[in-house]
Each structure stands twice: as structure tokens, then as C-alpha cells.
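S.K.: First, the structure itself, so that you have it in front of you.
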2 protein chains.
Amino acid sequence: MKKINDVLIVDPVKGTFVGDVVISNGKIEKVSPTNSGTYEHTLMPGFIDPHTHGCVGNDTMSLTEEKLTEWEHFLYSQGVTTFLPTTVSAKKEDMLRVSDMVGKYIHRKTQTSVYGVHYEGPYINVKKKGAQNPNVIRNASSEELKQVLSPVVKLVTMAPEIDGFYDALPILKKQGVVVSLGHMDANFKDMKRAFLHGVNRITHFPNAIKGLHHRELGGVGAGFYLDFHLEMIVDGVHLVPEFVNMVYKIKGADRIILVTDSIDAAGLKDGEYNLGGLKVKVENGKATLSDGTLAGSTLLFNRAVKNFKKFTNCSLQELAKVSSYNAARDLNIKNVARIEEGYKANIVILDKELNVITTYLNGEIVYEV
Amino acid sequence: MKKINDVLIVDPVKGTFVGDVVISNGKIEKVSPTNSGTYEHTLMPGFIDPHTHGCVGNDTMSLTEEKLTEWEHFLYSQGVTTFLPTTVSAKKEDMLRVSDMVGKYIHRKTQTSVYGVHYEGPYINVKKKGAQNPNVIRNASSEELKQVLSPVVKLVTMAPEIDGFYDALPILKKQGVVVSLGHMDANFKDMKRAFLHGVNRITHFPNAIKGLHHRELGGVGAGFYLDFHLEMIVDGVHLVPEFVNMVYKIKGADRIILVTDSIDAAGLKDGEYNLGGLKVKVENGKATLSDGTLAGSTLLFNRAVKNFKKFTNCSLQELAKVSSYNAARDLNIKNVARIEEGYKANIVILDKELNVITTYLNGEIVYEV
């Protein structure tokens, strides 16, 4: 049993209050408000990153158990207690290799922050490829999908306008895989059709998405207008701070999911790196292809959290929503992302500047400053 | 004294209730809610159109007293009790001719719905000229402004990024002229600067305005993000219905001002017309230049009101805001746009399909079906 006393407890549902938390058997056993009112640290649900390609030299496409362990441990320092290694568009055998590897990894570990795999592509629109390799981008094939899906695959980013999308949906649904719309040239009608088919999530909004026009709302207009949940890369590079704040004002904190979309160069120095076979140059933390296309980010999750707070001046309760609760709800991850009795003790403790002080995974300290 | 009994009274501030209205000496003398609950007709403040270039064959640029009288009378049938004949970009002498003519017209009439002149240009950005004549578009000159302004000029549409804009602002302010931003390639920074200088109105949003991008919000992003009041042409052509509804959801009814931006062809049949020296073709009510550019609208105000209700499913109280109250507040027109004791009896009575049944100007019936 562990007790954390006199912290500012931030629960995404109940809000913010000073209190004590008792942890036992990997779970939050008790949450008690106190009357003291004074606190030094802030306690929030551990962060969730549903979209990250890598960091500190590790990349989803070339993982080993050792590398994934290193990645996972590094993310503890960012307060991340759940994440989805994310592929880029790749050949079937490469997708299978990644999901097999991650599946075995999760199986072997008694506790891990690795929740499953996010396939970002290859079933996307080559017109909006971003930094993805156009040679392997392709239409959705039900046959192929049945082969590449397994219980470890939790999230798939697809473009709704590609051939095979509507044949793929029931297969994905049956497997419990969440679909996110992205890397797409879809117009408003395409977006609405997908939405009416139950898809309510958009990948790194509004990057690699058809822009807003007043006579064709595009994917961006659909993101604003329909009740989509939006991933956002809040590094201040992919989106200017005002854009982030505008989306926050328009959609509210309930509809925003922070992601890093980070590549292997995240947490490392500037230099040349590799993203799914493409050369990436990182200068001042900004990762681009040779033609200037943004190539994922070097954003770290703790920075994303600080940026969102700074750009929007949101409440801490809202910050807990965008950094964990919304992601968990979308992916149907049970018993995390609340500071509430019975929930898993995946917790991050922060100082008043939102720097990570301590990270708990299943009630165990996995990172401490 | 006149009494209008058992109508659904729609006041933009107090809301909607069944009652009686007593009119006396051109004013609303009494508003009494009744308990009957049944009504046939709806009573709202008379509509205000701050942006119209003409209709039924009349055009601001070639007005005579007879033509303006005809225009005014036609607009009664649309429920309009206040409007601003609006120029297009023109030479100084043409602007002066229009404002002199309209000034004298207002002076001579004991009652009129003509409130003053709206100069739309010529101090705009030629890059976003829309259907304005590029040969007369120019930077703002303080000297020229002092000559073309007179008490009848109430509203000027200018681009904030053109030379002379910030020299013009204090001159316009001193004269009590409201500035609206439009026909502009302004980026977000330009828009914000103008906003911080007290300009809070945008002309026919988002037409002829720099689009939204996530790394440069443009005029469209500024319209969403900052507390601008937005003119909108709700004809279903300039903007698709979903765009209108999206703006309504984002900004709310307090920030939207319906305008027609109508040209002389409005209320007439399809054919060829003239807009400030440019040939305009009207097909199925859609007015375009030879290159396909939208050239103002053939929208009539009553249709705009019905469209807004249909596109947004707003309340009648909100409809009163977008069709009169907000325009009056922005232009500082006193004692109109409320159904409240002491206010001018500029009133429109509508059936349940929002067709105009009767229009009152200063307490007199000026139109009746």
C-alpha cells in the first residue's frame, strides 16, 4: 500500500481538489479530499499517446524487444503510461512483423504501457501522403485486412474515400479496431458518410486533410461541423498556437486528443533520421523531408501537455481530458484515465510548471526525477 | 393609435411570447403578453440590410430619387425597414454623387427606410476584388476620405492590409463611420491588429477573404477565432447551408448579420445586368462575371431570413438578432430592432412560413399582402 498525501487531484470527470490517494494492488484504493487546501504537486491520470512512431532512436518499423523496452522507459519520463506504437504505410509483411512483435512483447510483460498497435496507413490517399512512402500506399482490401489484423491492433488510420473503405469497416468493427480518418482528400460528403457509419475520430487534425472552403467544407470543415474527436499535434509547429486555441474554443476539451506523432528523432539532437524508408532532416526540432513536408514531429508528450495548457489556458480538468481520458474513451481502454477508486493506478505527478516528477504504472513507481 | 392583437411577439432580447402591441405616434407604446397562447402571425422587428447594391433594376451607382423610392418600396415587401444602399469601388466623384444623392433623399423624406450609405471599397485589396472593378481599387488616402465622407456615410468596407488603413481609422471614427473588413488578403496578424484597433466587423464572411490554414489562420480563421461580427450572404449559393450552420454553431446568433449583397437583378428575371461597369450574367438566380466569379447575389431579404432559419434551425429570437438587432447594434442605430415600449414601430408581421404579411415603418403600414 502506498499513500500520496496533499496533492492537487485532477480527475477528468469530478474535477480538481486537494486530497490524498491510496494505492494498493496496482489500483487506486481510495481518494479522499482534504481540507488543507495547500499542495505542492498535481496528480493526474497517466498520459496516453495513441499516435507515436518512435523516439530516442527507436522506430515502430524496426522494433526489437530491447528497443521497445527502451522506448517505453523513456516515455515514463514523459508521464506516458499508455501508448500505441504507430506504423507508417508499409508492406503487409512489415505490418505483420510489427504487430507480431508488439503482441509478443505485451504478452511477455507483466506490466507495460504498450497498449497495442496503431496502423497509420497504408489504406490512405496518396494525394495526402504527408511523409508516408507513396510506393506502398494502397486501397483497402478485405482479404489483406483479415491477415494484418490481430488483437494487438487497436487503431487504424484510413482515408474514407479510398476503394474498399466500406468493405473494411465491418471487418474492423468485428475485431474491435477503432477507425480514425486521416491522410485523406475526402470532401465533406465523404466525411459525413463515414461519420454516419459510426467513425468519429480524425487523425492529426487538420494535417494532411482537405481544407475548409465555404462551398466545400472538406475534412477540416467536417471536423468542426460534425461531432468528430480530433487528434492534434500540439508542438506549435504543425499548428500555430492560435489554431489550437481556436479548435479548443470551437470543439471544447471533450473532443480533442493530444498525440505526439513523434519519430525516432524525438528526444535526440538535430540531425538526419529515417522515417519508413524516407530521409528526414531535423533542424531546431522540426522534422522535414527534403521537399519541406513536415515528417512527423519531435514532440514529447510532457511538452504537448504544457503547450496545450499554454495555448488554450484550459483548466487542469480539461487538460486531463485531452491528455488521457478522451483517448481512453475512444479506444475503449477500461479502468484507466480516472483518479477514482477501482481504477488502475496509472498516475503522473507534476510540479506547478507541469514537469513530470513521478510516474506510476499499475501502482509502481516507474519514473522519478 | 393602432393595436395588433394576439401575435407571437419576437423580441431579440426578451424572447418570444404571445401578446398585443399598441402603436402610437410612430412608436411602440405598449407590449402586453396575453394568456391566450394561440396566434396566427409572428411579429418581429423590421429587417435591416446593411449591404445591398440594388434590386428590381435599381443600382446604387446610378440612383435617382425615383429609383431609390422604387427600391425602398420594393424592400417593404421583404420586411426591410432599414437599409444601406451600397456602392462598389468607384472614382471619388461617383462616390460623392451617390452620397450626395442619398443624403438629400433622406433629408427630403419624412419617413424612409434608407439609413445611409455603405461604401464597399474602393479601399480594398485588388487580389480579392471579387466582382469589383480593379481599375478603381486603390489605397486609402486620408485626404480623399475627408472629401468622400459625410454624415450619410455610415459604413465603409476596407481591407486592413492596404496602405493608409491606419491613417484612415481615426478619421472614420471621428465621423462615426463604422469600419468593416472585407475584400482582403489580410493574414491573421493583419486581422488581429485591426481588431485590437477596435474594428470588429467583417463584410460578407468568408467571401473574398483569405482562407483558413492551420499555420496561417487568415481572415477566415480570424473571423472564427476573434470576436468579430460577421456579415453573411445566406442564399445557399455563396455559402453551402452546412457552412452557414457551422458558423452559427461556432459563433452563435449574436455575431451574425444577414445581408443580401443583392444587385439590380435581384427580384428580376435571369438575364444580363451591369455591376459597377462589369457585365453580369444571371442564370437561375446566380449572378456571375464572364470568368465565373460570383457577382453579388440576387438574394431577397425575406428569403435570407427563411434560409437562415432552415439552414440552422435557430430560434425566432435568434432570427430577430441576425435579421435586425445585431445590424442595428453594430451601426449604432438607436430605437429600432426591439419590440419594446419606446422603440420605433418598424415592424414586420410574418405568417408561420415566415412570409411577409405586413410591414410597418414608423407605425404606418407600408406593405400589406
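For the C-alpha cells, the naming scheme is as follows: chains receive sequential letters (A, B, ...) according to their order of presentation, residues are indexed from 1 within each chain, and ligands are indexed from 1 in presentation order.
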Excluding stretch 331-341 of chain B and its own-chain neighbours fewer than 2 positions away, which residues fall within 10 Å of it when counting only C-alpha atoms? Please give them as number ranges by chain.
M.R.: B: 9-15, 21-23, 27-32, 43-48, 50, 81-82, 115, 154-155, 176-179, 320-321, 323-329, 343-347, 362
S.K.: Using only C-alpha atoms, I'd like every residue of chain A that has an atom within 7 Å of chain B; please write them out as a list in words.
M.R.: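 Going by the stated atoms only, the list reads Leu212, His214, Arg215, Leu217, Tyr225, Leu239, Val240, Phe243, Met246 and Ile250 of chain A.
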S.K.: Do a neighbour search on stretch 89-102 of chain B at 10 Å with only C-alpha atoms, toss out local chain neighbours closer than 6 positions, and write the hits as JSON, numbers by chain.
M.R.: {"B": [60, 61, 62, 63, 64, 65, 68, 108, 114, 115, 116, 117, 118, 119, 120, 121, 122, 123, 124, 129, 131, 132, 133, 134, 135, 136, 137, 138, 144, 145, 147, 148, 149, 150, 151, 152, 153, 276, 277]}
